[in-house]
$ cat coords_35.txt   # compact mmCIF, C-alpha atoms and all ligand atoms
# COMPACT_ATOMS: atom_id res chain seq x y z
CA MET A 1 -11.02 -13.66 15.88
CA ARG A 2 -8.71 -10.69 15.91
CA LYS A 3 -7.91 -8.99 12.63
CA GLN A 4 -4.60 -8.89 10.88
CA ILE A 5 -3.71 -5.38 9.83
CA VAL A 6 -1.16 -3.75 7.58
CA ALA A 7 -1.09 0.01 8.05
CA GLY A 8 1.10 2.38 6.06
CA ASN A 9 2.17 5.52 7.88
CA TRP A 10 3.25 7.85 5.10
CA LYS A 11 4.63 10.39 7.61
CA MET A 12 5.59 13.74 6.00
CA ASN A 13 5.94 12.24 2.52
CA ASN A 14 3.99 12.58 -0.72
CA ASP A 15 2.27 15.73 -1.94
CA LEU A 16 -1.32 15.55 -3.16
CA GLU A 17 -0.52 14.14 -6.60
CA ALA A 18 1.88 11.53 -5.21
CA SER A 19 -0.64 10.54 -2.54
CA LYS A 20 -3.43 10.09 -5.06
CA SER A 21 -1.20 8.09 -7.31
CA LEU A 22 0.03 5.84 -4.48
CA VAL A 23 -3.43 5.05 -3.13
CA LYS A 24 -4.67 4.39 -6.65
CA LYS A 25 -1.92 1.83 -7.23
CA ILE A 26 -2.57 0.15 -3.88
CA VAL A 27 -6.33 -0.05 -4.48
CA LYS A 28 -5.75 -1.49 -7.93
CA GLY A 29 -3.13 -3.97 -6.75
CA LEU A 30 -5.37 -5.32 -4.01
CA LYS A 31 -8.58 -5.41 -5.98
CA LYS A 32 -8.39 -9.06 -6.94
CA GLU A 33 -6.62 -10.26 -3.81
CA LYS A 34 -8.46 -12.34 -1.26
CA LEU A 35 -7.32 -10.70 1.92
CA LYS A 36 -8.68 -13.11 4.47
CA ASN A 37 -9.29 -11.41 7.80
CA THR A 38 -6.82 -8.68 6.85
CA ARG A 39 -7.36 -4.92 6.94
CA VAL A 40 -5.26 -2.54 4.89
CA ILE A 41 -4.92 1.06 6.07
CA VAL A 42 -2.99 4.04 4.71
CA ALA A 43 -2.25 7.26 6.57
CA PRO A 44 -1.39 10.21 4.33
CA THR A 45 -0.75 13.78 5.49
CA PHE A 46 -3.65 16.07 6.33
CA VAL A 47 -3.53 17.89 2.99
CA SER A 48 -4.15 14.68 1.08
CA LEU A 49 -6.58 13.00 3.45
CA ALA A 50 -9.85 14.09 1.84
CA LYS A 51 -8.78 13.10 -1.67
CA VAL A 52 -7.21 9.82 -0.59
CA ALA A 53 -10.28 8.94 1.49
CA ASN A 54 -12.43 9.66 -1.53
CA LYS A 55 -10.34 7.41 -3.78
CA ALA A 56 -10.35 4.62 -1.21
CA LYS A 57 -14.08 4.70 -0.59
CA GLY A 58 -15.70 1.34 -1.29
CA THR A 59 -12.34 -0.41 -1.77
CA LYS A 60 -10.25 -2.72 0.42
CA VAL A 61 -8.16 0.23 1.56
CA GLU A 62 -9.06 2.24 4.66
CA VAL A 63 -7.68 5.65 5.48
CA ALA A 64 -6.28 6.99 8.76
CA ALA A 65 -4.98 10.35 9.94
CA GLN A 66 -1.53 10.56 11.50
CA ASN A 67 -2.59 12.76 14.38
CA MET A 68 -5.40 14.98 15.69
CA HIS A 69 -6.10 17.50 18.44
CA PHE A 70 -8.34 16.69 21.40
CA GLU A 71 -10.46 19.85 21.19
CA LYS A 72 -13.40 20.19 18.81
CA SER A 73 -12.45 23.59 17.39
CA GLY A 74 -11.03 26.94 18.44
CA ALA A 75 -7.78 28.86 18.69
CA PHE A 76 -5.34 25.99 18.11
CA THR A 77 -3.35 27.14 15.10
CA GLY A 78 -2.21 24.31 12.87
CA GLU A 79 -4.34 21.64 14.51
CA VAL A 80 -7.12 19.40 13.21
CA SER A 81 -9.99 17.89 15.23
CA ALA A 82 -11.73 14.52 15.18
CA GLU A 83 -14.87 16.21 13.83
CA MET A 84 -12.87 17.60 10.91
CA LEU A 85 -11.36 14.21 10.12
CA LYS A 86 -14.77 12.63 10.12
CA SER A 87 -16.06 15.35 7.81
CA VAL A 88 -13.69 14.07 5.11
CA GLY A 89 -14.56 10.43 5.71
CA VAL A 90 -11.69 9.48 8.00
CA LYS A 91 -12.60 7.28 10.95
CA ILE A 92 -9.20 6.03 12.08
CA VAL A 93 -6.37 8.00 13.68
CA ILE A 94 -2.81 7.14 14.65
CA LEU A 95 -2.03 8.51 18.11
CA GLY A 96 1.16 8.53 20.16
CA HIS A 97 3.67 7.89 17.40
CA SER A 98 7.18 8.21 18.83
CA GLU A 99 7.90 11.05 16.39
CA ARG A 100 4.94 12.98 17.84
CA ARG A 101 6.15 12.23 21.35
CA GLU A 102 9.76 13.13 20.63
CA TYR A 103 9.58 16.11 18.25
CA PHE A 104 6.24 17.63 19.17
CA GLY A 105 6.23 17.12 22.91
CA GLU A 106 3.21 14.86 23.10
CA THR A 107 2.85 13.54 26.61
CA ASP A 108 0.91 10.61 28.00
CA ALA A 109 -1.61 13.07 29.47
CA MET A 110 -2.20 14.75 26.10
CA LEU A 111 -2.53 11.36 24.45
CA ALA A 112 -5.12 10.19 26.96
CA LYS A 113 -7.20 13.26 26.03
CA LYS A 114 -6.76 12.58 22.32
CA VAL A 115 -7.83 8.99 22.86
CA ASP A 116 -10.98 10.17 24.63
CA ALA A 117 -11.77 12.70 21.89
CA ALA A 118 -11.34 10.09 19.16
CA LEU A 119 -13.56 7.59 20.97
CA ALA A 120 -16.19 10.24 21.66
CA ASN A 121 -16.34 10.61 17.88
CA ASN A 122 -16.57 6.86 17.28
CA MET A 123 -13.17 6.78 15.68
CA GLU A 124 -10.76 3.88 15.79
CA ILE A 125 -7.30 4.48 17.20
CA ILE A 126 -3.95 3.00 16.29
CA PHE A 127 -2.15 3.69 19.56
CA CYS A 128 1.66 3.67 19.34
CA PHE A 129 4.27 3.18 22.02
CA GLY A 130 7.79 1.81 22.34
CA GLU A 131 11.10 2.19 24.09
CA VAL A 132 14.25 3.99 22.99
CA LEU A 133 17.56 2.13 22.71
CA GLU A 134 18.92 3.24 26.11
CA GLU A 135 15.78 1.92 27.77
CA ARG A 136 16.13 -1.46 26.10
CA LYS A 137 19.82 -1.64 26.99
CA ALA A 138 18.92 -0.86 30.61
CA ASN A 139 16.29 -3.62 30.47
CA LYS A 140 13.53 -1.07 31.07
CA HIS A 141 11.59 -1.74 27.87
CA PHE A 142 8.74 -3.64 29.53
CA ASP A 143 8.26 -0.91 32.14
CA VAL A 144 8.33 1.84 29.53
CA VAL A 145 5.82 0.12 27.29
CA GLU A 146 3.55 -0.72 30.20
CA SER A 147 3.54 2.84 31.46
CA GLN A 148 2.81 4.30 28.00
CA ILE A 149 -0.12 1.90 27.55
CA ARG A 150 -1.36 2.36 31.10
CA ASN A 151 -1.27 6.16 30.94
CA GLY A 152 -2.81 6.35 27.48
CA LEU A 153 -5.44 3.64 27.60
CA PHE A 154 -6.07 2.05 30.97
CA HIS A 155 -8.60 4.71 32.02
CA LEU A 156 -10.94 3.41 29.29
CA GLU A 157 -14.12 1.42 29.74
CA ALA A 158 -13.85 -2.18 28.60
CA SER A 159 -16.27 -1.48 25.73
CA ALA A 160 -13.86 1.08 24.21
CA TRP A 161 -11.37 -1.64 23.35
CA ASP A 162 -13.32 -2.56 20.21
CA SER A 163 -11.94 0.68 18.78
CA ILE A 164 -8.31 0.21 19.81
CA ILE A 165 -5.45 -1.17 17.74
CA LEU A 166 -2.08 -1.31 19.49
CA ALA A 167 1.22 -0.66 17.74
CA TYR A 168 4.52 -1.56 19.37
CA GLU A 169 7.23 0.48 17.70
CA PRO A 170 10.63 0.24 19.36
CA VAL A 171 12.14 3.64 18.57
CA TRP A 172 15.54 2.12 17.81
CA ALA A 173 13.99 0.13 14.97
CA ILE A 174 12.16 3.01 13.27
CA GLY A 175 13.72 4.07 9.99
CA THR A 176 17.01 2.47 10.97
CA GLY A 177 16.86 -0.70 8.92
CA GLU A 178 17.28 -2.60 12.16
CA THR A 179 14.15 -4.53 13.13
CA ALA A 180 13.38 -6.14 16.41
CA SER A 181 13.91 -9.85 15.94
CA PRO A 182 10.71 -11.85 15.54
CA GLU A 183 11.43 -13.25 19.02
CA GLN A 184 11.83 -9.79 20.54
CA ALA A 185 8.58 -8.67 18.92
CA GLN A 186 6.74 -11.79 20.08
CA GLU A 187 8.09 -11.42 23.62
CA MET A 188 6.86 -7.82 23.86
CA HIS A 189 3.52 -8.50 22.19
CA ALA A 190 2.81 -11.40 24.56
CA PHE A 191 3.68 -9.09 27.47
CA ILE A 192 1.30 -6.42 26.13
CA ARG A 193 -1.52 -8.93 25.74
CA LYS A 194 -0.93 -10.10 29.30
CA ILE A 195 -1.10 -6.63 30.85
CA VAL A 196 -4.32 -5.92 28.93
CA ALA A 197 -5.75 -9.25 30.16
CA ASP A 198 -4.73 -8.47 33.75
CA GLU A 199 -6.21 -4.96 33.68
CA PHE A 200 -9.35 -5.77 31.67
CA ASN A 201 -10.05 -9.38 30.70
CA ASP A 202 -8.88 -12.26 28.52
CA ASP A 203 -11.50 -11.61 25.90
CA ILE A 204 -10.32 -8.04 25.26
CA ALA A 205 -6.68 -9.11 25.26
CA GLU A 206 -7.39 -11.93 22.82
CA ASN A 207 -9.30 -9.66 20.44
CA VAL A 208 -7.07 -6.59 20.31
CA SER A 209 -4.77 -6.45 17.29
CA ILE A 210 -1.17 -5.70 18.19
CA LEU A 211 0.95 -4.41 15.31
CA TYR A 212 4.72 -4.27 15.15
CA GLY A 213 6.44 -1.26 13.60
CA GLY A 214 10.07 -0.57 12.83
CA SER A 215 11.84 -1.30 9.54
CA VAL A 216 9.32 -3.88 8.37
CA ASN A 217 9.83 -4.66 4.68
CA PRO A 218 8.80 -7.35 2.20
CA GLY A 219 11.91 -9.34 3.12
CA ASN A 220 11.26 -9.65 6.84
CA ALA A 221 7.49 -9.26 7.22
CA LYS A 222 6.45 -12.90 6.82
CA GLU A 223 8.61 -14.07 9.67
CA ILE A 224 7.62 -11.25 12.02
CA PHE A 225 3.90 -11.55 11.18
CA SER A 226 4.02 -15.31 11.69
CA LYS A 227 4.55 -14.86 15.42
CA GLU A 228 1.53 -15.74 17.49
CA ASP A 229 0.95 -12.35 19.07
CA VAL A 230 2.00 -10.20 16.12
CA ASP A 231 -1.12 -9.26 14.19
CA GLY A 232 0.49 -7.19 11.48
CA GLY A 233 2.57 -4.08 11.02
CA LEU A 234 2.66 -0.33 11.07
CA ILE A 235 4.92 0.44 8.16
CA GLY A 236 6.87 3.60 7.35
CA GLY A 237 9.42 3.54 4.54
CA ALA A 238 8.19 0.38 2.81
CA ALA A 239 4.65 1.75 2.68
CA LEU A 240 5.68 4.49 0.26
CA ASN A 241 6.11 2.02 -2.55
CA ALA A 242 2.89 0.43 -3.83
CA GLU A 243 4.45 -2.87 -4.81
CA ASN A 244 6.19 -3.29 -1.46
CA PHE A 245 3.10 -2.34 0.46
CA ILE A 246 0.93 -4.76 -1.49
CA THR A 247 3.43 -7.52 -0.80
CA LEU A 248 3.26 -6.65 2.89
CA ALA A 249 -0.54 -6.82 2.84
CA LYS A 250 -0.21 -10.35 1.45
CA SER A 251 2.41 -11.47 3.98
CA PHE A 252 0.15 -13.36 6.37
P1 LIG A 301 9.82 2.46 9.24
O1 LIG A 301 9.02 1.31 8.70
O2 LIG A 301 10.27 3.43 8.19
O3 LIG A 301 10.91 2.00 10.16
O4 LIG A 301 8.82 3.32 10.17
C1 LIG A 301 8.05 2.67 11.11
C2 LIG A 301 7.08 3.64 11.66
O5 LIG A 301 7.43 4.56 12.38
C3 LIG A 301 5.66 3.47 11.31
O6 LIG A 301 4.85 4.30 12.07
$ encode --input "coords_35.txt" --output "structure tokens"
Amino acid sequence: MRKQIVAGNWKMNNDLEASKSLVKKIVKGLKKEKLKNTRVIVAPTFVSLAKVANKAKGTKVEVAAQNMHFEKSGAFTGEVSAEMLKSVGVKIVILGHSERREYFGETDAMLAKKVDAALANNMEIIFCFGEVLEERKANKHFDVVESQIRNGLFHLEASAWDSIILAYEPVWAIGTGETASPEQAQEMHAFIRKIVADEFNDDIAENVSILYGGSVNPGNAKEIFSKEDVDGGLIGGAALNAENFITLAKSF
């Protein structure tokens, strides 16, 4: 049975003290909760990763990085490798976020290399993709999403899919307060599951978790997460508040 997942992408928010305090509150708030078949993940900035991973160790909260480089080490100023993430206890990485694609020039080809590097290090990947508003208006959203998934992930062996979590994040819904409707999310998620089934097999498609991201909050999560092919959320703004995030983790 595929897992339900709530993942908080903290983006460029929270210094070390704020990150420690936030993870502490989340760990505490979830301690007594019975989270059936649900994983809870937080993704702080690189500077806080080691400390947050340490605080989350042995709890219900898992820790992810927001990005990584595909090389092991070397002259890549400002970058961090999979090996380095693992050295601080981080085994999950978000790749392909639209903000990385848009502001930092990450291409499908770079992302395919990052995916390979993460997998070579036995890391799990939350792989993000999604269309911009113009593409949706032009009815190109299915093509855009398919090509991002195809170029980033379809070169993989079937066995690699155990380590993949998909995250559909329509760019027009990120940080805008405007979510995709539950029907729009379901329609896209069902499409994604179908292309994975067609390229690989039904078993992989059935077992891969597909998260929705874009202005999810405690007020709209239940309805979105109730859709058959929506297995949880990748949360930005609402993940910065412990109470909201805990409510989201309990929204299934
Ligand atoms: P918001 O929840 O702030 O819209 O951000 C979504 C997102 O980009 C998560 O990665």
$ residues_near_ligand --input "coords_35.txt" --ligand "ligand LIG 301 (chain A)" --cutoff "9 Å" --atoms "all atoms listed in the file" --output "PyMOL selection string"
chain A and resi 7-11+66+94+97-99+128+167+169-179+212-217+233-239
$ residues_around --input "coords_35.txt" --residues "region 81-89 of chain A" --least-positions-apart "3" --cutoff "9 Å" --atoms "only C-alpha atoms" --output "JSON, numbers by chain"
{"A": [46, 49, 50, 51, 53, 54, 57, 63, 64, 65, 68, 69, 70, 71, 72, 73, 92, 93, 114, 117, 118, 120, 121, 123]}
$ write_last_selection --input "coords_35.txt" --atoms "C-alpha atoms" --output "mmCIF file, keeping the file's coordinate frame"
data_model
loop_
_atom_site.group_PDB
_atom_site.id
_atom_site.type_symbol
_atom_site.label_atom_id
_atom_site.label_comp_id
_atom_site.auth_asym_id
_atom_site.auth_seq_id
_atom_site.Cartn_x
_atom_site.Cartn_y
_atom_site.Cartn_z
ATOM 1 C CA PHE A 46 -3.650 16.070 6.330
ATOM 2 C CA LEU A 49 -6.580 13.000 3.450
ATOM 3 C CA ALA A 50 -9.850 14.090 1.840
ATOM 4 C CA LYS A 51 -8.780 13.100 -1.670
ATOM 5 C CA ALA A 53 -10.280 8.940 1.490
ATOM 6 C CA ASN A 54 -12.430 9.660 -1.530
ATOM 7 C CA LYS A 57 -14.080 4.700 -0.590
ATOM 8 C CA VAL A 63 -7.680 5.650 5.480
ATOM 9 C CA ALA A 64 -6.280 6.990 8.760
ATOM 10 C CA ALA A 65 -4.980 10.350 9.940
ATOM 11 C CA MET A 68 -5.400 14.980 15.690
ATOM 12 C CA HIS A 69 -6.100 17.500 18.440
ATOM 13 C CA PHE A 70 -8.340 16.690 21.400
ATOM 14 C CA GLU A 71 -10.460 19.850 21.190
ATOM 15 C CA LYS A 72 -13.400 20.190 18.810
ATOM 16 C CA SER A 73 -12.450 23.590 17.390
ATOM 17 C CA ILE A 92 -9.200 6.030 12.080
ATOM 18 C CA VAL A 93 -6.370 8.000 13.680
ATOM 19 C CA LYS A 114 -6.760 12.580 22.320
ATOM 20 C CA ALA A 117 -11.770 12.700 21.890
ATOM 21 C CA ALA A 118 -11.340 10.090 19.160
ATOM 22 C CA ALA A 120 -16.190 10.240 21.660
ATOM 23 C CA ASN A 121 -16.340 10.610 17.880
ATOM 24 C CA MET A 123 -13.170 6.780 15.680
#
$ closest_residue --input "coords_35.txt" --among "A:Val27, A:Glu33, A:Asn13, A:Glu62" --to "Val47 (chain A)" --atoms "only C-alpha atoms"
A:Asn13
$ residues_near_point --input "coords_35.txt" --point "(12.4, -10.2, 16.5)" --cutoff "10 Å" --atoms "all atoms listed in the file" --output "count of residues only"
15
$ closest_residue --input "coords_35.txt" --among "A:Lys20, A:Glu106, A:Val80, A:Leu248" --to "Ala221 (chain A)" --atoms "only C-alpha atoms"
A:Leu248
